[in-house]
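target.cif follows; it contains mmCIF, C-alpha atoms and all ligand atoms.
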data_target
loop_
_atom_site.label_atom_id
_atom_site.label_comp_id
_atom_site.auth_asym_id
_atom_site.auth_seq_id
_atom_site.Cartn_x
_atom_site.Cartn_y
_atom_site.Cartn_z
CA MET O 196 28.54 7.71 15.29
CA PHE O 197 25.75 10.30 14.82
CA GLN O 198 26.27 12.48 17.89
CA ASP O 199 24.47 15.84 17.37
CA LYS O 200 23.11 14.71 14.00
CA VAL O 201 19.44 15.07 13.13
CA VAL O 202 17.81 12.48 10.88
CA ILE O 203 14.37 12.17 9.31
CA VAL O 204 13.23 8.61 8.62
CA THR O 205 10.05 8.29 6.58
CA GLY O 206 7.81 5.26 6.93
CA ALA O 207 9.28 4.66 10.38
CA ALA O 208 6.06 3.31 11.89
CA SER O 209 6.90 -0.16 10.60
CA GLY O 210 9.43 -2.55 9.10
CA ILE O 211 12.69 -1.22 7.68
CA GLY O 212 11.92 2.39 8.63
CA ARG O 213 11.24 1.60 12.28
CA GLN O 214 14.44 -0.46 12.58
CA THR O 215 16.41 2.31 10.87
CA ALA O 216 15.08 4.84 13.38
CA ILE O 217 16.11 2.53 16.22
CA GLU O 218 19.63 2.02 14.83
CA PHE O 219 20.17 5.77 14.31
CA ALA O 220 19.03 6.47 17.87
CA ARG O 221 21.38 3.80 19.23
CA GLN O 222 24.18 5.70 17.47
CA SER O 223 23.12 8.93 19.25
CA ALA O 224 21.20 10.64 16.44
CA LYS O 225 18.13 12.74 17.13
CA VAL O 226 15.38 11.06 15.15
CA VAL O 227 12.33 12.52 13.42
CA VAL O 228 9.86 9.74 12.68
CA ALA O 229 7.47 10.43 9.79
CA ASP O 230 4.54 8.26 8.83
CA ILE O 231 0.86 8.37 7.89
CA ASP O 232 0.24 5.68 10.55
CA GLU O 233 -0.15 7.66 13.77
CA LYS O 234 -0.29 4.70 16.11
CA GLY O 235 2.75 2.99 14.63
CA GLY O 236 4.72 6.24 14.50
CA ASN O 237 3.92 7.08 18.09
CA ASP O 238 4.87 3.52 19.11
CA THR O 239 8.27 3.91 17.43
CA VAL O 240 8.92 7.21 19.20
CA ALA O 241 7.74 5.80 22.56
CA GLN O 242 10.21 2.93 22.15
CA LEU O 243 13.06 5.33 21.36
CA LYS O 244 12.22 7.59 24.30
CA ASP O 245 11.92 4.61 26.66
CA ASP O 246 15.47 3.72 25.66
CA GLY O 247 16.59 7.28 26.54
CA HIS O 248 16.84 8.70 23.03
CA GLU O 249 15.61 12.00 21.56
CA ALA O 250 12.84 11.54 19.02
CA VAL O 251 9.70 13.18 17.71
CA PHE O 252 6.82 11.89 15.58
CA VAL O 253 5.34 13.97 12.77
CA THR O 254 2.15 12.68 11.19
CA THR O 255 2.85 12.96 7.49
CA ASP O 256 1.15 11.95 4.28
CA LEU O 257 4.24 11.88 2.12
CA THR O 258 2.22 12.27 -1.07
CA VAL O 259 1.23 15.80 -0.01
CA GLU O 260 3.78 18.60 -0.44
CA ALA O 261 2.50 20.68 2.49
CA ASP O 262 2.99 17.68 4.80
CA CYS O 263 6.56 17.12 3.58
CA ALA O 264 7.38 20.82 4.03
CA HIS O 265 5.92 20.70 7.54
CA LEU O 266 7.95 17.58 8.33
CA VAL O 267 11.25 19.21 7.38
CA ALA O 268 10.34 22.45 9.16
CA THR O 269 9.47 20.52 12.32
CA ALA O 270 12.81 18.72 12.27
CA ALA O 271 14.67 22.03 11.96
CA GLU O 272 12.55 23.77 14.60
CA THR O 273 12.71 20.90 17.09
CA PHE O 274 16.38 19.99 16.81
CA GLY O 275 17.90 23.07 15.12
CA ARG O 276 19.25 21.37 11.99
CA LEU O 277 18.80 18.56 9.48
CA ASP O 278 21.73 16.35 8.53
CA ILE O 279 20.23 13.18 7.10
CA LEU O 280 17.07 12.27 5.20
CA VAL O 281 16.10 8.63 4.79
CA ASN O 282 13.37 8.33 2.16
CA ASN O 283 12.08 4.90 3.10
CA ALA O 284 8.27 4.84 2.96
CA GLY O 285 6.76 2.81 0.18
CA ILE O 286 3.94 0.49 -0.77
CA GLU O 287 3.70 -2.55 -2.99
CA VAL O 288 0.91 -3.23 -5.47
CA THR O 289 0.85 -6.73 -6.95
CA THR O 290 -1.89 -6.28 -9.56
CA PRO O 291 -0.68 -7.24 -13.06
CA LEU O 292 -0.14 -4.18 -15.27
CA HIS O 293 -2.99 -5.00 -17.70
CA GLU O 294 -5.45 -5.02 -14.79
CA LEU O 295 -4.07 -2.09 -12.81
CA PRO O 296 -6.53 0.81 -12.46
CA GLU O 297 -5.11 4.24 -13.25
CA HIS O 298 -5.73 5.49 -9.71
CA GLU O 299 -3.67 2.60 -8.30
CA TRP O 300 -0.77 3.50 -10.60
CA ASP O 301 -1.03 7.10 -9.40
CA ARG O 302 -1.13 6.01 -5.73
CA LEU O 303 1.95 3.85 -6.21
CA VAL O 304 3.96 6.50 -8.06
CA ASP O 305 2.93 9.20 -5.58
CA THR O 306 3.85 7.09 -2.55
CA ASN O 307 7.06 5.50 -3.81
CA LEU O 308 8.53 8.23 -6.00
CA LYS O 309 6.82 11.62 -5.62
CA SER O 310 7.25 11.41 -1.85
CA MET O 311 11.01 11.14 -2.28
CA PHE O 312 11.05 14.17 -4.59
CA LEU O 313 8.97 16.21 -2.13
CA CYS O 314 10.97 15.34 0.98
CA SER O 315 14.27 15.77 -0.85
CA LYS O 316 13.18 19.15 -2.22
CA HIS O 317 12.46 20.54 1.24
CA ALA O 318 15.41 18.82 2.91
CA LEU O 319 17.78 20.26 0.29
CA ARG O 320 16.59 23.75 1.21
CA GLN O 321 17.78 23.08 4.76
CA MET O 322 20.98 21.29 3.77
CA MET O 323 22.24 23.67 1.07
CA PRO O 324 22.80 26.71 3.33
CA ALA O 325 24.42 24.38 5.88
CA ALA O 326 26.74 23.08 3.13
CA GLY O 327 26.26 19.45 4.01
CA GLY O 328 23.89 16.54 4.20
CA SER O 329 23.22 12.96 3.27
CA ILE O 330 20.13 11.50 1.59
CA VAL O 331 19.55 7.77 1.53
CA ASN O 332 16.68 6.42 -0.53
CA VAL O 333 15.22 2.95 -0.08
CA CYS O 334 15.05 1.55 -3.59
CA SER O 335 14.86 -2.21 -4.29
CA VAL O 336 16.48 -4.87 -6.42
CA SER O 337 13.42 -4.24 -8.55
CA GLY O 338 14.90 -0.86 -9.41
CA LEU O 339 17.79 -2.77 -11.00
CA VAL O 340 16.12 -5.83 -12.52
CA ALA O 341 12.45 -6.52 -13.27
CA TRP O 342 10.86 -8.56 -10.47
CA PRO O 343 8.17 -10.68 -12.16
CA GLY O 344 4.53 -9.64 -11.78
CA ILE O 345 4.95 -6.21 -10.19
CA ALA O 346 5.71 -4.00 -13.18
CA ALA O 347 4.30 -0.79 -11.73
CA TYR O 348 6.25 -1.20 -8.48
CA ASN O 349 9.41 -1.93 -10.50
CA ALA O 350 8.85 1.26 -12.48
CA THR O 351 8.65 3.37 -9.32
CA LYS O 352 11.88 1.88 -8.01
CA GLY O 353 13.63 2.50 -11.33
CA GLY O 354 12.60 6.11 -10.82
CA VAL O 355 14.04 6.10 -7.29
CA LEU O 356 17.38 4.90 -8.66
CA MET O 357 17.61 7.72 -11.20
CA LEU O 358 16.36 10.31 -8.71
CA THR O 359 19.20 9.20 -6.42
CA LYS O 360 21.85 9.52 -9.12
CA SER O 361 20.49 12.91 -10.15
CA LEU O 362 20.52 14.21 -6.57
CA ALA O 363 24.10 13.01 -6.25
CA THR O 364 25.13 14.73 -9.46
CA ASP O 365 23.39 18.05 -8.88
CA TYR O 366 24.05 18.57 -5.17
CA ALA O 367 27.61 17.29 -4.72
CA GLN O 368 28.67 20.93 -5.12
CA TYR O 369 26.83 21.65 -1.84
CA ASN O 370 28.56 18.74 -0.07
CA ILE O 371 25.29 16.82 -0.11
CA ARG O 372 25.52 13.12 -0.93
CA ALA O 373 22.71 10.87 -2.16
CA ASN O 374 22.74 7.10 -2.30
CA CYS O 375 20.23 4.27 -2.27
CA VAL O 376 19.95 0.77 -0.91
CA CYS O 377 18.46 -2.01 -3.01
CA PRO O 378 17.06 -4.79 -0.82
CA SER O 379 15.64 -8.07 -2.08
CA ILE O 380 12.89 -9.67 0.02
CA ILE O 381 13.04 -8.44 3.60
CA ASP O 382 11.01 -9.92 6.43
CA THR O 383 8.61 -7.03 7.16
CA PRO O 384 4.84 -6.47 7.37
CA MET O 385 4.89 -5.50 3.66
CA THR O 386 6.27 -8.93 2.77
CA ASP O 387 3.77 -10.66 5.03
CA VAL O 388 0.93 -8.94 3.17
CA SER O 389 2.26 -9.75 -0.29
CA ASN O 390 2.77 -13.40 0.76
CA GLY O 391 -0.76 -13.66 2.12
CA HIS O 392 0.68 -14.19 5.62
CA ASP O 393 1.66 -17.68 4.48
CA ALA O 394 4.88 -18.96 6.11
CA ALA O 395 5.36 -21.61 3.40
CA VAL O 396 5.28 -18.98 0.64
CA LYS O 397 7.77 -16.91 2.62
CA ALA O 398 10.11 -19.86 3.04
CA GLU O 399 9.94 -20.54 -0.68
CA LYS O 400 10.74 -16.88 -1.46
CA ALA O 401 13.75 -17.03 0.85
CA LYS O 402 15.31 -19.58 -1.49
CA LEU O 403 15.48 -16.92 -4.22
CA ASN O 404 18.33 -15.31 -2.29
CA PRO O 405 21.55 -17.35 -2.72
CA ILE O 406 22.27 -16.76 0.96
CA GLY O 407 19.13 -18.82 1.61
CA ARG O 408 17.20 -16.59 3.97
CA LEU O 409 15.08 -13.47 3.85
CA GLY O 410 16.79 -10.24 4.76
CA THR O 411 16.02 -8.59 8.08
CA PRO O 412 15.16 -4.94 8.71
CA GLU O 413 18.50 -4.79 10.58
CA ASP O 414 20.38 -5.88 7.43
CA VAL O 415 18.94 -2.91 5.54
CA ALA O 416 19.23 -0.44 8.41
CA HIS O 417 22.96 -1.16 8.79
CA ALA O 418 23.53 -0.39 5.10
CA ILE O 419 21.50 2.82 5.39
CA LEU O 420 23.53 3.97 8.40
CA PHE O 421 26.77 3.31 6.53
CA LEU O 422 25.63 5.40 3.56
CA ALA O 423 24.39 8.17 5.85
CA SER O 424 27.62 8.30 7.84
CA ASP O 425 30.95 10.00 7.26
CA LYS O 426 32.46 6.54 6.74
CA SER O 427 31.03 6.72 3.20
CA SER O 428 32.11 10.33 2.56
CA PHE O 429 33.49 9.55 -0.95
CA ILE O 430 30.44 7.52 -1.96
CA THR O 431 27.60 9.29 -3.74
CA GLY O 432 25.17 8.22 -6.46
CA THR O 433 25.58 4.55 -5.66
CA ALA O 434 23.03 1.75 -5.36
CA LEU O 435 24.08 -0.66 -2.62
CA THR O 436 22.43 -4.07 -2.99
CA VAL O 437 21.32 -5.66 0.28
CA ASP O 438 20.02 -8.78 -1.35
CA GLY O 439 21.71 -11.97 -0.17
CA GLY O 440 23.20 -12.27 -3.66
CA TYR O 441 19.89 -12.03 -5.55
CA THR O 442 21.29 -9.79 -8.29
CA ALA O 443 24.67 -11.55 -8.41
CA ILE O 444 23.24 -14.46 -10.40
P1 LIG O 501 6.19 -1.58 5.68
O1 LIG O 501 4.86 -1.74 5.05
O2 LIG O 501 6.55 -2.41 6.85
O3 LIG O 501 6.44 -0.03 6.07
C1 LIG O 501 6.14 1.01 5.17
C2 LIG O 501 5.74 2.24 5.96
O4 LIG O 501 5.46 3.31 5.04
C3 LIG O 501 4.46 2.05 6.81
O5 LIG O 501 4.69 2.44 8.14
C4 LIG O 501 3.44 2.93 6.12
O6 LIG O 501 2.46 3.47 7.00
C5 LIG O 501 4.33 4.02 5.52
N1 LIG O 501 3.65 4.73 4.45
C6 LIG O 501 3.02 4.22 3.37
N2 LIG O 501 2.46 5.21 2.65
C7 LIG O 501 2.73 6.38 3.29
C8 LIG O 501 2.39 7.75 3.07
N3 LIG O 501 1.67 8.13 2.00
N4 LIG O 501 2.84 8.66 3.93
C9 LIG O 501 3.55 8.31 5.01
N5 LIG O 501 3.90 7.04 5.29
C10 LIG O 501 3.47 6.09 4.44
O7 LIG O 501 7.23 -1.80 4.49
P2 LIG O 501 8.80 -2.14 4.47
O8 LIG O 501 8.92 -3.52 3.98
O9 LIG O 501 9.46 -1.74 5.72
O10 LIG O 501 9.26 -1.19 3.26
C11 LIG O 501 10.02 -0.01 3.43
C12 LIG O 501 10.66 0.35 2.11
O11 LIG O 501 11.49 -0.74 1.68
C13 LIG O 501 9.66 0.59 0.95
O12 LIG O 501 10.09 1.68 0.18
C14 LIG O 501 9.74 -0.70 0.16
O13 LIG O 501 9.38 -0.52 -1.18
C15 LIG O 501 11.19 -1.04 0.34
N6 LIG O 501 11.54 -2.43 0.07
C16 LIG O 501 10.97 -3.43 0.83
C17 LIG O 501 11.28 -4.75 0.58
C18 LIG O 501 10.67 -5.87 1.34
O14 LIG O 501 10.86 -7.04 0.94
N7 LIG O 501 9.97 -5.63 2.44
C19 LIG O 501 12.26 -5.10 -0.48
C20 LIG O 501 12.81 -3.98 -1.17
C21 LIG O 501 12.46 -2.70 -0.90
#

What do you get writing this file as structure tokens?
Amino acid sequence: MFQDKVVIVTGAASGIGRQTAIEFARQSAKVVVADIDEKGGNDTVAQLKDDGHEAVFVTTDLTVEADCAHLVATAAETFGRLDILVNNAGIEVTTPLHELPEHEWDRLVDTNLKSMFLCSKHALRQMMPAAGGSIVNVCSVSGLVAWPGIAAYNATKGGVLMLTKSLATDYAQYNIRANCVCPSIIDTPMTDVSNGHDAAVKAEKAKLNPIGRLGTPEDVAHAILFLASDKSSFITGTALTVDGGYTAI
């Protein structure tokens, strides 16, 4: 489905990002893996190469503009073009708002929102002259409704939603689409951390989704691939829930 296409996936050392990189490679894309976690990023690329796919890892702190510029430049230099950007990397902070130190707020906003601005900015500069591209941002149901107890995280995801709509509005004239996916709880290392690695807590959380299970990284990756592909060529500015019905209630 993505023959000759070049995709950057941020946060692809782990969880949803790693699975998204794998699914793109299986559909013949050339994959640029970006992450601050060198070991995890190299492991993802090793797995892709072992399976016969083309991939490269770029160590990137997505909160730093020079790193994001270098990431996009490396994609273009290595594979000659950039077709798709998946802004996936993110962190969760569970401290209640009235106890949240200012520097933690800044770290959260920089990682979850500024990173998407920076990568989009530099990706757009590649995509605009090529008159085409697709950006998929990983938002959350908490960008649509307030998940209890994580106000600062919710705020960053609300920002991701409006960044997505704004990209869609401003860059449609360049044949560049922008969409986001909004997962509810997905079974990843991030969720393990926020649940204190407690299987019982995880099982309880799964009941919040009417479908009765946690989502998988594959569930989210499949939605991302759809939005990145030509099969969604008339879809831009949308927020696709991948939430087992969480927001349908
Ligand atoms: P994860 O913790 O498994 O993976 C996140 C990746 O982002 C890690 O590899 C980490 O090293 C990387 N990262 C963090 N800060 C970075 C930085 N400054 N520069 C470069 N890379 C950095 O998390 P998961 O669950 O796969 O989350 C991926 C995305 O999905 C995030 O945006 C998250 O907010 C979102 N999401 C996750 C949900 C869940 O239940 N797991 C639900 C809804 C949204």

Compile the contact shell of Val251 in chain O as a compact mmCIF listing (two decimals) with C-alpha atoms, in the frame of the given file: residues with an atom at most 7 Å away, counting all atoms listed in the file, same-chain residues fewer than 6 positions apart removed.
# COMPACT_ATOMS: atom_id res chain seq x y z
CA VAL O 226 15.38 11.06 15.15
CA VAL O 227 12.33 12.52 13.42
CA VAL O 228 9.86 9.74 12.68
CA VAL O 240 8.92 7.21 19.20

Which centre and edge lengths in Å to one decimal define the box along x, y and z that fits every listed atom of ligand LIG 501 (chain O) plus 5 Å per side, as JSON?
{"center_x": 7.2, "center_y": 0.8, "center_z": 3.5, "size_x": 21.1, "size_y": 25.7, "size_z": 19.3}

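Compared by their closest atoms to Val259 in chain O, and using all atoms listed in the file, the residues O:Arg320, O:Arg302, O:Lys352, O:Lys426 rank with O:Arg302 nearest.
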
Counting all atoms listed in the file, what is within 12 Å of Lys360 in chain O, bar same-chain residues fewer than 5 positions away, as a PDB file with C-alpha atoms, keeping the file's coordinate frame?
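Generated file (result00.pdb):
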ATOM      1  CA  ILE O 330      20.130  11.500   1.590  1.00  0.00           C
ATOM      2  CA  VAL O 331      19.550   7.770   1.530  1.00  0.00           C
ATOM      3  CA  ASN O 332      16.680   6.420  -0.530  1.00  0.00           C
ATOM      4  CA  CYS O 334      15.050   1.550  -3.590  1.00  0.00           C
ATOM      5  CA  GLY O 353      13.630   2.500 -11.330  1.00  0.00           C
ATOM      6  CA  GLY O 354      12.600   6.110 -10.820  1.00  0.00           C
ATOM      7  CA  VAL O 355      14.040   6.100  -7.290  1.00  0.00           C
ATOM      8  CA  ASP O 365      23.390  18.050  -8.880  1.00  0.00           C
ATOM      9  CA  TYR O 366      24.050  18.570  -5.170  1.00  0.00           C
ATOM     10  CA  ALA O 367      27.610  17.290  -4.720  1.00  0.00           C
ATOM     11  CA  ARG O 372      25.520  13.120  -0.930  1.00  0.00           C
ATOM     12  CA  ALA O 373      22.710  10.870  -2.160  1.00  0.00           C
ATOM     13  CA  ASN O 374      22.740   7.100  -2.300  1.00  0.00           C
ATOM     14  CA  CYS O 375      20.230   4.270  -2.270  1.00  0.00           C
ATOM     15  CA  ILE O 430      30.440   7.520  -1.960  1.00  0.00           C
ATOM     16  CA  THR O 431      27.600   9.290  -3.740  1.00  0.00           C
ATOM     17  CA  GLY O 432      25.170   8.220  -6.460  1.00  0.00           C
ATOM     18  CA  THR O 433      25.580   4.550  -5.660  1.00  0.00           C
ATOM     19  CA  ALA O 434      23.030   1.750  -5.360  1.00  0.00           C
TER      20      ALA O 434
END

Top pick for closest residue to Asn237 in chain O, considering O:Ser209, O:Thr364, O:Thr215, O:Gln222 and counting all atoms listed in the file: O:Ser209

Show me the residues close to (3.7, -2.3, -7.2) - anything with an atom within 6 Å, counting all atoms listed in the file - and format the list as an MDAnalysis selection string. chainID O and resid 287:289 345 347:348

Residues from the last selection, C-alpha atoms, saved as a PDB file, in the coordinates of the input:
ATOM      1  CA  GLU O 287       3.700  -2.550  -2.990  1.00  0.00           C
ATOM      2  CA  VAL O 288       0.910  -3.230  -5.470  1.00  0.00           C
ATOM      3  CA  THR O 289       0.850  -6.730  -6.950  1.00  0.00           C
ATOM      4  CA  ILE O 345       4.950  -6.210 -10.190  1.00  0.00           C
ATOM      5  CA  ALA O 347       4.300  -0.790 -11.730  1.00  0.00           C
ATOM      6  CA  TYR O 348       6.250  -1.200  -8.480  1.00  0.00           C
TER       7      TYR O 348
END

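Taking CA of Trp342 in chain O and atom C14 of ligand LIG 501 (chain O) as endpoints, the distance between them is 13.3 Å.
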
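Shell of range 410-416 of chain O at 6 Å, with all atoms listed in the file counted and residues fewer than 3 places along the chain excluded, is Ile211, Gln214, Thr215, Ile381, Asp382 and Ile419 of chain O.
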
Enumerate, as a list in words, the protein, DNA and RNA residues whose atoms approach (10.9, 8.8, -7.8) to within 9 Å, taking into account only C-alpha atoms and the coordinate frame of the file. Val304, Asp305, Thr306, Asn307, Leu308, Lys309, Ser310, Met311, Phe312, Thr351, Lys352, Gly353, Gly354, Val355, Leu356, Met357, Leu358 and Thr359 of chain O

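Excluding Pro378 in chain O and any residue on its chain fewer than 5 positions from it, the residues at most 6 Å away by all atoms listed in the file are Ser335, Val336, Thr436, Val437 and Asp438 of chain O.
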
Which residues are near Thr255 in chain O? Cut-off 10 Å, only C-alpha atoms, ignore same chain within fewer than 3 positions. Put them as a ChimeraX atom specification. /O:205-206,228-233,236,252,258-266

Mind writing the picked residues with C-alpha atoms as a PDB file, in the frame of the given file?
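Saved to again22.pdb:
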ATOM      1  CA  THR O 205      10.050   8.290   6.580  1.00  0.00           C
ATOM      2  CA  GLY O 206       7.810   5.260   6.930  1.00  0.00           C
ATOM      3  CA  VAL O 228       9.860   9.740  12.680  1.00  0.00           C
ATOM      4  CA  ALA O 229       7.470  10.430   9.790  1.00  0.00           C
ATOM      5  CA  ASP O 230       4.540   8.260   8.830  1.00  0.00           C
ATOM      6  CA  ILE O 231       0.860   8.370   7.890  1.00  0.00           C
ATOM      7  CA  ASP O 232       0.240   5.680  10.550  1.00  0.00           C
ATOM      8  CA  GLU O 233      -0.150   7.660  13.770  1.00  0.00           C
ATOM      9  CA  GLY O 236       4.720   6.240  14.500  1.00  0.00           C
ATOM     10  CA  PHE O 252       6.820  11.890  15.580  1.00  0.00           C
ATOM     11  CA  THR O 258       2.220  12.270  -1.070  1.00  0.00           C
ATOM     12  CA  VAL O 259       1.230  15.800  -0.010  1.00  0.00           C
ATOM     13  CA  GLU O 260       3.780  18.600  -0.440  1.00  0.00           C
ATOM     14  CA  ALA O 261       2.500  20.680   2.490  1.00  0.00           C
ATOM     15  CA  ASP O 262       2.990  17.680   4.800  1.00  0.00           C
ATOM     16  CA  CYS O 263       6.560  17.120   3.580  1.00  0.00           C
ATOM     17  CA  ALA O 264       7.380  20.820   4.030  1.00  0.00           C
ATOM     18  CA  HIS O 265       5.920  20.700   7.540  1.00  0.00           C
ATOM     19  CA  LEU O 266       7.950  17.580   8.330  1.00  0.00           C
TER      20      LEU O 266
END

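Across the structure, CA of Asp301 in chain O and atom O6 of ligand LIG 501 (chain O) are spaced 17.2 Å apart.
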
Separating CA of Ala395 in chain O from atom O1 of ligand LIG 501 (chain O), to the nearest tenth of an Å, is a gap of 19.9 Å

Using only C-alpha atoms and all ligand atoms, find the one residue out of O:His293, O:Arg408, O:Arg221, O:Lys200 that sits nearest to ligand LIG 501 (chain O). O:Arg408

Using only C-alpha atoms and all ligand atoms, which of the listed residues (O:Ile286, O:Ala326, O:Ala418, O:Ala224) sits closest to ligand LIG 501 (chain O)? O:Ile286

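Nearest to His417 in chain O of all the residues O:Ala270, O:Val202, O:Val376, O:Leu243 is O:Val376, based on all atoms listed in the file.
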
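Distances from O:Ser329, O:Gln198, O:Gln321, O:Asn390 to ligand LIG 501 (chain O) were compared using all atoms listed in the file, and the smallest one belongs to O:Asn390.
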